[in-house]
Every structure is written in C-alpha cells, then in structure tokens.
Amino acid sequence: MTDAKVPSGARVRLGTVEGDLRAERNSTIEAEGAVRVSGTAEFEGNVDVVGDLSCRSLDAEGGRVRISGALSVEERLSGDDAEIEVGGTFRAGAVDVDRRLRLGGPAETGVLEVGGLLGGASTLTATTVSVGGKLRLEGKLVARSLEAGGSVEVGDVELDDLEVGGTARLGGGEVRRKVEVGGRFRVDGAFAFGTLETGGIAEFRAPATGGNIEIGGVLSAENDLAFADLEVGGVGEIRGNGRGRSVRIGGKFSVGGSLTLSGPLEIGGKVAVRGALAAGDVEVGGKLEAERAVLTGRASISGALVTRAGFKAVEITLGHRARASGPLVGGRVTLERRAEAETIFGQRVGLDRLARAQRIVAEEVRLEKGATVAEVVYLRTLSVEEGARVGTAQKVDALPPFPL
Amino acid sequence: MIPDRPADGSNRRREATDLYATVLEVVKRYHGGARVTRVSYGAGMPVDRLKILLERLVALGLLGSEEIDGRPVYDITRRGQEFLDTYWKMRGFVEGLDRLAHEEAQRRPAVRPVPAAAARIPSR
C-alpha cells in the first residue's frame, strides 16, 4: 500500500494509487491517463482533478472539488460542507453532499442526497433522490422516488413517487404512484400519474392521464385530461375533453370540449362545458352552461342553467329564483319558488309558488298558487291551485317524443 | 442570499409566512435528521438567520428538536404539517382569486386616459 498526498497549492501528475489519496486545499491533480485510487480519495478545500478519477470512496470537506472528466466512486461519495462538480460521466454507490452537486454528463447512483442544489446537463438514474433545495436536470430522471424541499425542474421523469415542497416543472413522463407538490406543479409534455396532490396550481400543457387529483387553488389543462376523482378548491379549466369519475370544484370550472363523468359533478360557483356534459348527479351552486347535458342521476341547480340542445336528468330541481334556458327533460322536474324555465318535458312536473314556465309537456302537472305557465300539454292530470295561471291547457292521448 | 421568491413560485415578494413554510418544507425532507447546515443550503438562508427562525418554529411547536452527536437535528411536528397544509390551502385560494381578477381585468374594455388639457374645467 502506498498512500499518496498532494500538499496544499501543489500541482501533480498522478496515475494509479494503491491505497488512499489525500489532496490538500488549492491543489491540482493532472491525470496520467486516469487517476485510479484503490482506497479513499480525501479532498480538503478546493481541489481540481484534470481528467478521470475512480476510487473506492470519496470524502470532500469544506470546499469545491472539480473533476473535469468522469468520476467513478465504488462505494460512497460524501461532501461535508462541500460542492462537487463532475464534467463527464458519474457513477457512485451512494452520494451525500451538503452544498451542491453539478453533473456534466450522464449519472448513475444508488441513494443520492444533496443539501442545496443538484444540477445536471444529462440523464440521471438513481435509487432515490433527495434534495433539500433545488434540482435542475436537463435530461431524464429515472428513480424510485424524488423528494425536494424547494423546487424541481427536470426533463422527462420515470418515477414511483414525486414529493416537492415548493414548485415542480417536468418535461413529461410518468410518476407511477403519487405526485405531491406544495405550491405549483407544471408538466409540459404528455404525462401519466397515479395520484396528484397540489396545494396551489397544477398546469398540464399536454394530454395527461391519471387517478385522483386534489388541487388547492387552480387547475389548468391545455389539452385532454383523464382522471378518477377531481377536486379543486378554486378554479378549474380543461381546454380539451375531460373524462373521469367525479368532479368537485369550489369555485369556477370550464371545459373547452366535452366532459364525461361516471359519477357526480359538484360545483360551488359556475361551470361551463362547451361541448356535451355526461354525468351522474349534478349539484351547481351558481350557473351551469353546456351545449347539452345528459345525466344518469339527479340535478340540483341553485343559480342558472343554460343549454342549447337541452338538459336531461332523472330528477331536476331548479332552486329558489333559479333560471333555466333551453329545454329541461326529466322524470320529475320541480321549479322552486320564483324559479323560471322555458320548455319542460317530464313525467311529473311541479311549479312551486310564483314559479314560471313557458311550456310544459308532461304526464302529470302540478301548479301552486301564483305559478304561471303559458301552455300545458298533459297526459293524465293537471292540478292547478287557486291563483295559478295557465294560458292554454290541452289533454292528449299520447305525449310527443321528448328531446335528448 | 435568501431567495427573493416564495416557495409557490409566484412573483410576489417573499413574506415571513413564506420563509417559515420554506424552512418547514426543507426540514420535512430529512425525515427527522435535518441539521442546521443542511436546512440552510436547502432554504437558501444564512445559518445565523435560520437559527432564529428554527427557534421560533420550535417554540411554537411546529418543529421538534433533539441532539444527535452533540448537534441539534430537527423534525416537523403534526402542528408543523398543519401549518403547511393551511399555508398551501390559503395560497391556493389566493391564486384562484388572483386568476379571476386577472380574467376580469382582461375582459374589461381598456380605458383611454383623458389628456390633462381636456380634463381641465375651463375657467370662466
């Protein structure tokens, strides 16, 4: 065993070291072919290695270690209050660096931990990646998990789990299980995910497919979005088509194409679907707008309901003072006090006090005091309380076919 | 060298709550083993200033602290996680309101400024 020592400020040429290497601050090592250390390479302060370096383990302390070529560490790379820069390819068993790790070429490691900044110009494959501050990687990242306290900006990803405290911006790819981002999440390319949880904003710039989505503030999808259960605290926008099981939005929701749900749609404020809406139960606190809507369940609208081709559900309730334009088609349709609608088709249609409709086509019609209808076409019964007004009423043997 | 932007990536000025949230998020990543220097690098904050924030967070029960090998290490508490959940939820609401305000401003017709001379009331 012949250990090697490079004194402070020295510039030496080294090839193979059988044993350990210790380089002191402000020294430079020029590789004779490549520097091969059979033991530990220990660096104190700022040290430059010109060429390739391989060693069993590497310890850096209190400075910046710069390796212009490739770096291969069989076991562990440790940087105590240190910064490591690798110009070429990088390979290590495990990595734990306090300050920064900058990678110029492709990298492959086991567990990788960096306290401050991890930057890379190429691809990174690791078992797990944990960064206290920021991760900036131009290439693809493949790992079981990526955790970062601050922010992440990376090309494509292939991960099981992604957990970021602040902001995350991905080129695209897949996170098979869980995405959890505290602040802002943005994906520029096609993306697939297990579940997504974001405190602030989620932006999908290309089509995305995944499971449950929970967003505190704003959802913005510029293309199609497929999901299981979607829950947004503030504002949601899907410019393409939306498809999933359920949607719950606290504020406003708009869909540029069609929205197809197998379950419920609950909107606190306003929902606008430019194409067709298909869903189970629908509950809208404010206004619902759609080209057409066909539900397999019940609808409760508190504000306004606007469709061009019509709105169909098993049961429709227009709340107090609510307004509907476009035909309503339902098994049971109820207009609560002072609600107004145009044409209503149904089996049983009831207008509460002071509610108004232009035309009702139904098997059974019930009008409370003060209710007004211009025209009623009915099959079985027409019940009119004193003070209700009916323009014309016609009993028929068969009702005309309902739209939708 | 404290980052001038809050953790949510927006352009607004970083406030005290943003700093606390940043520190908590970084501490959380270390799963009970967060050392001051590591948190300092992660949060982009000088150690002396960070120590003050850490003390406050511990005093309020948002962080727990213990000594390992003679050095303090920190971990986020349940209350700390509650702080983060509330912080991000609030940020989400604010983002939603900001977006609606922005949309309203874009819909509003542009008002041409009245030239000062035209706005002046002629004196009699």
# chains A, B, ... in the order shown; residues from 1 in each chain; ligands from 1

$ interface_residues --of "chain B" --to "chain A" --cutoff "7 Å" --atoms "only C-alpha atoms" --output "number ranges by chain"
B: 7-9, 25-26, 29, 38-39, 41-43, 88-89, 91-93, 95-96

$ write_last_selection --atoms "N, CA and C atoms" --output "mmCIF file, in the first residue's frame"
data_model
loop_
_atom_site.group_PDB
_atom_site.id
_atom_site.type_symbol
_atom_site.label_atom_id
_atom_site.label_comp_id
_atom_site.auth_asym_id
_atom_site.auth_seq_id
_atom_site.Cartn_x
_atom_site.Cartn_y
_atom_site.Cartn_z
ATOM 1 N N ALA B 7 -42.016 30.087 -1.957
ATOM 2 C CA ALA B 7 -41.904 28.697 -2.393
ATOM 3 C C ALA B 7 -42.923 28.320 -3.451
ATOM 4 N N ASP B 8 -44.028 29.073 -3.566
ATOM 5 C CA ASP B 8 -45.044 28.706 -4.547
ATOM 6 C C ASP B 8 -44.677 29.148 -5.960
ATOM 7 N N GLY B 9 -43.520 29.787 -6.135
ATOM 8 C CA GLY B 9 -43.041 30.138 -7.465
ATOM 9 C C GLY B 9 -43.667 31.399 -8.045
ATOM 10 N N GLU B 25 -40.748 22.994 4.884
ATOM 11 C CA GLU B 25 -40.697 22.056 3.758
ATOM 12 C C GLU B 25 -39.324 21.390 3.653
ATOM 13 N N VAL B 26 -38.274 22.173 3.869
ATOM 14 C CA VAL B 26 -36.925 21.597 3.773
ATOM 15 C C VAL B 26 -36.691 20.621 4.921
ATOM 16 N N ARG B 29 -38.150 17.143 4.464
ATOM 17 C CA ARG B 29 -37.482 16.202 3.537
ATOM 18 C C ARG B 29 -36.456 15.327 4.233
ATOM 19 N N ARG B 38 -27.667 21.746 6.624
ATOM 20 C CA ARG B 38 -28.442 21.184 5.515
ATOM 21 C C ARG B 38 -29.682 22.045 5.208
ATOM 22 N N VAL B 39 -30.361 22.445 6.276
ATOM 23 C CA VAL B 39 -31.558 23.268 6.085
ATOM 24 C C VAL B 39 -31.165 24.618 5.485
ATOM 25 N N TYR B 41 -28.666 25.242 3.436
ATOM 26 C CA TYR B 41 -28.446 25.086 1.989
ATOM 27 C C TYR B 41 -29.771 24.903 1.263
ATOM 28 N N GLY B 42 -30.658 24.114 1.857
ATOM 29 C CA GLY B 42 -31.934 23.828 1.212
ATOM 30 C C GLY B 42 -32.826 25.053 1.112
ATOM 31 N N ALA B 43 -32.860 25.832 2.184
ATOM 32 C CA ALA B 43 -33.747 27.006 2.209
ATOM 33 C C ALA B 43 -33.075 28.237 1.614
ATOM 34 N N TRP B 88 -50.572 26.172 2.254
ATOM 35 C CA TRP B 88 -50.749 25.857 0.829
ATOM 36 C C TRP B 88 -52.210 26.021 0.412
ATOM 37 N N LYS B 89 -53.127 25.694 1.331
ATOM 38 C CA LYS B 89 -54.533 25.863 1.008
ATOM 39 C C LYS B 89 -54.847 27.344 0.797
ATOM 40 N N ARG B 91 -52.692 29.703 -0.008
ATOM 41 C CA ARG B 91 -52.038 30.128 -1.239
ATOM 42 C C ARG B 91 -52.898 29.736 -2.446
ATOM 43 N N GLY B 92 -53.496 28.534 -2.355
ATOM 44 C CA GLY B 92 -54.359 28.065 -3.436
ATOM 45 C C GLY B 92 -55.547 28.986 -3.638
ATOM 46 N N PHE B 93 -56.208 29.369 -2.554
ATOM 47 C CA PHE B 93 -57.351 30.283 -2.651
ATOM 48 C C PHE B 93 -56.915 31.615 -3.265
ATOM 49 N N GLU B 95 -54.377 32.200 -5.200
ATOM 50 C CA GLU B 95 -54.088 32.006 -6.623
ATOM 51 C C GLU B 95 -55.378 32.024 -7.435
ATOM 52 N N GLY B 96 -56.406 31.343 -6.916
ATOM 53 C CA GLY B 96 -57.693 31.291 -7.606
ATOM 54 C C GLY B 96 -58.297 32.683 -7.741
#

$ select_by_dssp --residues "stretch 193-256 of chain A" --states "strand (DSSP E or B)" --output "PyMOL selection string"
chain A and resi 193-198+201-204+208-210+213-215+218-221+225-226+229-232+235-238+242-244+246-249+252-255

$ atom_distance --atom1 "atom CA of A:Ala362" --atom2 "atom CA of A:Glu315"
13.5 Å

$ residues_around --residues "B:Lys28" --least-positions-apart "3" --cutoff "9 Å" --atoms "only C-alpha atoms" --output "list in words"
Gly149 and Gly165 of chain A; Val23, Leu24, Glu25, His31, Gly32, Ala34, Tyr74, Asp75, Ile76 and Gln81 of chain B

$ write_last_selection --atoms "C-alpha atoms" --output "PDB file, in the first residue's frame"
ATOM      1  CA  GLY A 149     -37.748  20.839  -0.282  1.00  0.00           C
ATOM      2  CA  GLY A 165     -42.248  21.356  -1.166  1.00  0.00           C
TER       3      GLY A 165
ATOM      4  CA  VAL B  23     -37.955  26.086   6.256  1.00  0.00           C
ATOM      5  CA  LEU B  24     -40.651  23.578   7.250  1.00  0.00           C
ATOM      6  CA  GLU B  25     -40.697  22.056   3.758  1.00  0.00           C
ATOM      7  CA  HIS B  31     -37.402  12.793   7.996  1.00  0.00           C
ATOM      8  CA  GLY B  32     -36.148  13.651  11.472  1.00  0.00           C
ATOM      9  CA  ALA B  34     -32.405  17.842   9.483  1.00  0.00           C
ATOM     10  CA  TYR B  74     -34.963  18.987  13.608  1.00  0.00           C
ATOM     11  CA  ASP B  75     -38.147  17.296  12.540  1.00  0.00           C
ATOM     12  CA  ILE B  76     -41.527  18.647  11.561  1.00  0.00           C
ATOM     13  CA  GLN B  81     -47.671  19.840   8.980  1.00  0.00           C
TER      14      GLN B  81
END

$ residues_around --residues "B:Asp69" --least-positions-apart "4" --cutoff "12 Å" --atoms "only C-alpha atoms" --output "PDB file with C-alpha atoms, in the first residue's frame"
ATOM      1  CA  GLY B  33     -32.485  14.223  10.665  1.00  0.00           C
ATOM      2  CA  ARG B  35     -29.189  19.551  10.505  1.00  0.00           C
ATOM      3  CA  VAL B  73     -31.413  17.998  14.463  1.00  0.00           C
TER       4      VAL B  73
END

$ residues_around --residues "B:Asp48" --least-positions-apart "6" --cutoff "12 Å" --atoms "only C-alpha atoms" --output "list in words"
Val36, Thr37, Val39, Ser40, Leu54 and Glu55 of chain B

$ write_last_selection --atoms "N, CA, C and O atoms" --output "PDB file, in the first residue's frame"
ATOM      1  N   VAL B  36     -28.778  21.919  10.839  1.00  0.00           N
ATOM      2  CA  VAL B  36     -28.894  23.346  10.513  1.00  0.00           C
ATOM      3  C   VAL B  36     -28.238  23.664   9.165  1.00  0.00           C
ATOM      4  O   VAL B  36     -28.819  24.362   8.329  1.00  0.00           O
ATOM      5  N   THR B  37     -27.027  23.120   8.959  1.00  0.00           N
ATOM      6  CA  THR B  37     -26.327  23.444   7.702  1.00  0.00           C
ATOM      7  C   THR B  37     -27.121  22.946   6.495  1.00  0.00           C
ATOM      8  O   THR B  37     -27.238  23.629   5.491  1.00  0.00           O
ATOM      9  N   VAL B  39     -30.361  22.445   6.276  1.00  0.00           N
ATOM     10  CA  VAL B  39     -31.558  23.268   6.085  1.00  0.00           C
ATOM     11  C   VAL B  39     -31.165  24.618   5.485  1.00  0.00           C
ATOM     12  O   VAL B  39     -31.849  25.174   4.629  1.00  0.00           O
ATOM     13  N   SER B  40     -30.014  25.118   5.930  1.00  0.00           N
ATOM     14  CA  SER B  40     -29.507  26.389   5.417  1.00  0.00           C
ATOM     15  C   SER B  40     -29.288  26.321   3.902  1.00  0.00           C
ATOM     16  O   SER B  40     -29.688  27.211   3.163  1.00  0.00           O
ATOM     17  N   LEU B  54     -35.632  28.840  13.269  1.00  0.00           N
ATOM     18  CA  LEU B  54     -35.796  27.492  13.823  1.00  0.00           C
ATOM     19  C   LEU B  54     -36.242  27.555  15.288  1.00  0.00           C
ATOM     20  O   LEU B  54     -37.124  26.807  15.712  1.00  0.00           O
ATOM     21  N   GLU B  55     -35.625  28.481  16.037  1.00  0.00           N
ATOM     22  CA  GLU B  55     -36.007  28.627  17.454  1.00  0.00           C
ATOM     23  C   GLU B  55     -37.479  28.992  17.592  1.00  0.00           C
ATOM     24  O   GLU B  55     -38.190  28.449  18.433  1.00  0.00           O
TER      25      GLU B  55
END

$ select_by_dssp --residues "stretch 5-123 of chain B" --states "helix (DSSP H, G or I)" --output "JSON, numbers by chain"
{"B": [16, 17, 18, 19, 20, 21, 22, 23, 24, 25, 26, 27, 28, 29, 36, 37, 38, 39, 40, 41, 42, 43, 47, 48, 49, 50, 51, 52, 53, 54, 55, 56, 57, 58, 59, 78, 79, 80, 81, 82, 83, 84, 85, 86, 87, 88, 89, 90, 91, 92, 93, 94, 95, 96, 97, 98, 99, 100, 101, 102, 103, 104, 105, 106, 107, 116, 117, 118, 119]}

$ closest_residue --among "A:Ala393, A:Cys55, A:Val373, A:Ala228" --to "A:Gly93" --atoms "only C-alpha atoms"
A:Cys55

$ decode --residues "stretch 55-95 of chain A" --atoms "N, CA and C atoms" --output "mmCIF file, in the first residue's frame"
data_model
loop_
_atom_site.group_PDB
_atom_site.id
_atom_site.type_symbol
_atom_site.label_atom_id
_atom_site.label_comp_id
_atom_site.auth_asym_id
_atom_site.auth_seq_id
_atom_site.Cartn_x
_atom_site.Cartn_y
_atom_site.Cartn_z
ATOM 1 N N CYS A 55 -12.272 5.731 -7.613
ATOM 2 C CA CYS A 55 -11.823 5.417 -6.260
ATOM 3 C C CYS A 55 -12.860 4.548 -5.552
ATOM 4 N N ARG A 56 -12.482 3.990 -4.407
ATOM 5 C CA ARG A 56 -13.450 3.173 -3.666
ATOM 6 C C ARG A 56 -14.462 4.082 -2.976
ATOM 7 N N SER A 57 -13.965 5.122 -2.287
ATOM 8 C CA SER A 57 -14.866 6.108 -1.693
ATOM 9 C C SER A 57 -14.228 7.495 -1.793
ATOM 10 N N LEU A 58 -15.066 8.517 -1.690
ATOM 11 C CA LEU A 58 -14.542 9.886 -1.831
ATOM 12 C C LEU A 58 -15.124 10.745 -0.712
ATOM 13 N N ASP A 59 -14.205 11.420 0.013
ATOM 14 C CA ASP A 59 -14.639 12.353 1.071
ATOM 15 C C ASP A 59 -14.137 13.748 0.742
ATOM 16 N N ALA A 60 -15.051 14.693 0.653
ATOM 17 C CA ALA A 60 -14.647 16.079 0.409
ATOM 18 C C ALA A 60 -15.112 16.917 1.589
ATOM 19 N N GLU A 61 -14.278 17.895 1.971
ATOM 20 C CA GLU A 61 -14.663 18.702 3.124
ATOM 21 C C GLU A 61 -14.350 20.172 2.888
ATOM 22 N N GLY A 62 -15.367 20.987 3.080
ATOM 23 C CA GLY A 62 -15.190 22.443 3.121
ATOM 24 C C GLY A 62 -14.627 23.079 1.869
ATOM 25 N N GLY A 63 -15.118 22.768 0.714
ATOM 26 C CA GLY A 63 -14.632 23.443 -0.491
ATOM 27 C C GLY A 63 -15.297 22.896 -1.729
ATOM 28 N N ARG A 64 -14.687 23.217 -2.884
ATOM 29 C CA ARG A 64 -15.250 22.772 -4.151
ATOM 30 C C ARG A 64 -14.296 21.791 -4.831
ATOM 31 N N VAL A 65 -14.765 20.610 -5.109
ATOM 32 C CA VAL A 65 -13.956 19.620 -5.810
ATOM 33 C C VAL A 65 -14.444 19.555 -7.253
ATOM 34 N N ARG A 66 -13.507 19.786 -8.183
ATOM 35 C CA ARG A 66 -13.901 19.821 -9.592
ATOM 36 C C ARG A 66 -13.157 18.721 -10.338
ATOM 37 N N ILE A 67 -13.928 17.841 -10.951
ATOM 38 C CA ILE A 67 -13.316 16.760 -11.735
ATOM 39 C C ILE A 67 -13.721 16.988 -13.192
ATOM 40 N N SER A 68 -12.744 17.259 -14.032
ATOM 41 C CA SER A 68 -13.087 17.656 -15.408
ATOM 42 C C SER A 68 -13.580 16.471 -16.233
ATOM 43 N N GLY A 69 -13.140 15.271 -15.889
ATOM 44 C CA GLY A 69 -13.544 14.092 -16.658
ATOM 45 C C GLY A 69 -14.621 13.300 -15.940
ATOM 46 N N ALA A 70 -14.507 11.963 -16.063
ATOM 47 C CA ALA A 70 -15.500 11.083 -15.445
ATOM 48 C C ALA A 70 -15.129 10.804 -13.983
ATOM 49 N N LEU A 71 -16.124 10.533 -13.179
ATOM 50 C CA LEU A 71 -15.883 10.170 -11.776
ATOM 51 C C LEU A 71 -16.617 8.870 -11.481
ATOM 52 N N SER A 72 -15.867 7.908 -10.940
ATOM 53 C CA SER A 72 -16.489 6.642 -10.557
ATOM 54 C C SER A 72 -16.134 6.344 -9.106
ATOM 55 N N VAL A 73 -17.138 6.284 -8.244
ATOM 56 C CA VAL A 73 -16.922 6.002 -6.817
ATOM 57 C C VAL A 73 -17.649 4.693 -6.512
ATOM 58 N N GLU A 74 -16.855 3.693 -6.169
ATOM 59 C CA GLU A 74 -17.424 2.356 -5.974
ATOM 60 C C GLU A 74 -18.447 2.327 -4.838
ATOM 61 N N GLU A 75 -18.089 2.977 -3.719
ATOM 62 C CA GLU A 75 -18.985 2.947 -2.559
ATOM 63 C C GLU A 75 -19.669 4.291 -2.348
ATOM 64 N N ARG A 76 -19.112 5.128 -1.480
ATOM 65 C CA ARG A 76 -19.838 6.332 -1.072
ATOM 66 C C ARG A 76 -19.075 7.624 -1.388
ATOM 67 N N LEU A 77 -19.786 8.583 -1.912
ATOM 68 C CA LEU A 77 -19.232 9.930 -2.087
ATOM 69 C C LEU A 77 -19.849 10.813 -1.008
ATOM 70 N N SER A 78 -19.000 11.447 -0.212
ATOM 71 C CA SER A 78 -19.506 12.265 0.879
ATOM 72 C C SER A 78 -18.914 13.673 0.796
ATOM 73 N N GLY A 79 -19.748 14.664 0.869
ATOM 74 C CA GLY A 79 -19.257 16.047 0.805
ATOM 75 C C GLY A 79 -19.752 16.827 2.000
ATOM 76 N N ASP A 80 -18.853 17.047 2.963
ATOM 77 C CA ASP A 80 -19.225 17.751 4.186
ATOM 78 C C ASP A 80 -18.959 19.241 3.959
ATOM 79 N N ASP A 81 -20.004 20.047 3.945
ATOM 80 C CA ASP A 81 -19.897 21.464 3.618
ATOM 81 C C ASP A 81 -19.137 21.650 2.297
ATOM 82 N N ALA A 82 -19.436 20.793 1.350
ATOM 83 C CA ALA A 82 -18.653 20.779 0.109
ATOM 84 C C ALA A 82 -19.539 20.832 -1.124
ATOM 85 N N GLU A 83 -18.866 21.149 -2.245
ATOM 86 C CA GLU A 83 -19.533 21.245 -3.532
ATOM 87 C C GLU A 83 -18.735 20.396 -4.520
ATOM 88 N N ILE A 84 -19.429 19.568 -5.285
ATOM 89 C CA ILE A 84 -18.732 18.665 -6.224
ATOM 90 C C ILE A 84 -19.181 18.973 -7.642
ATOM 91 N N GLU A 85 -18.220 19.063 -8.551
ATOM 92 C CA GLU A 85 -18.538 19.255 -9.968
ATOM 93 C C GLU A 85 -17.887 18.153 -10.776
ATOM 94 N N VAL A 86 -18.693 17.503 -11.605
ATOM 95 C CA VAL A 86 -18.152 16.421 -12.433
ATOM 96 C C VAL A 86 -18.443 16.772 -13.892
ATOM 97 N N GLY A 87 -17.372 16.833 -14.711
ATOM 98 C CA GLY A 87 -17.567 17.219 -16.104
ATOM 99 C C GLY A 87 -18.072 16.092 -16.982
ATOM 100 N N GLY A 88 -17.641 14.869 -16.707
ATOM 101 C CA GLY A 88 -18.012 13.729 -17.549
ATOM 102 C C GLY A 88 -19.056 12.849 -16.909
ATOM 103 N N THR A 89 -19.000 11.575 -17.225
ATOM 104 C CA THR A 89 -19.979 10.646 -16.639
ATOM 105 C C THR A 89 -19.706 10.464 -15.152
ATOM 106 N N PHE A 90 -20.751 10.106 -14.433
ATOM 107 C CA PHE A 90 -20.634 9.975 -12.977
ATOM 108 C C PHE A 90 -21.314 8.685 -12.531
ATOM 109 N N ARG A 91 -20.593 7.947 -11.695
ATOM 110 C CA ARG A 91 -21.164 6.715 -11.174
ATOM 111 C C ARG A 91 -20.754 6.606 -9.702
ATOM 112 N N ALA A 92 -21.718 6.311 -8.822
ATOM 113 C CA ALA A 92 -21.380 6.182 -7.395
ATOM 114 C C ALA A 92 -22.379 5.254 -6.709
ATOM 115 N N GLY A 93 -21.887 4.562 -5.657
ATOM 116 C CA GLY A 93 -22.772 3.684 -4.895
ATOM 117 C C GLY A 93 -23.832 4.505 -4.170
ATOM 118 N N ALA A 94 -23.350 5.454 -3.364
ATOM 119 C CA ALA A 94 -24.265 6.364 -2.647
ATOM 120 C C ALA A 94 -23.640 7.746 -2.616
ATOM 121 N N VAL A 95 -24.472 8.774 -2.532
ATOM 122 C CA VAL A 95 -23.973 10.147 -2.570
ATOM 123 C C VAL A 95 -24.645 10.960 -1.466
#
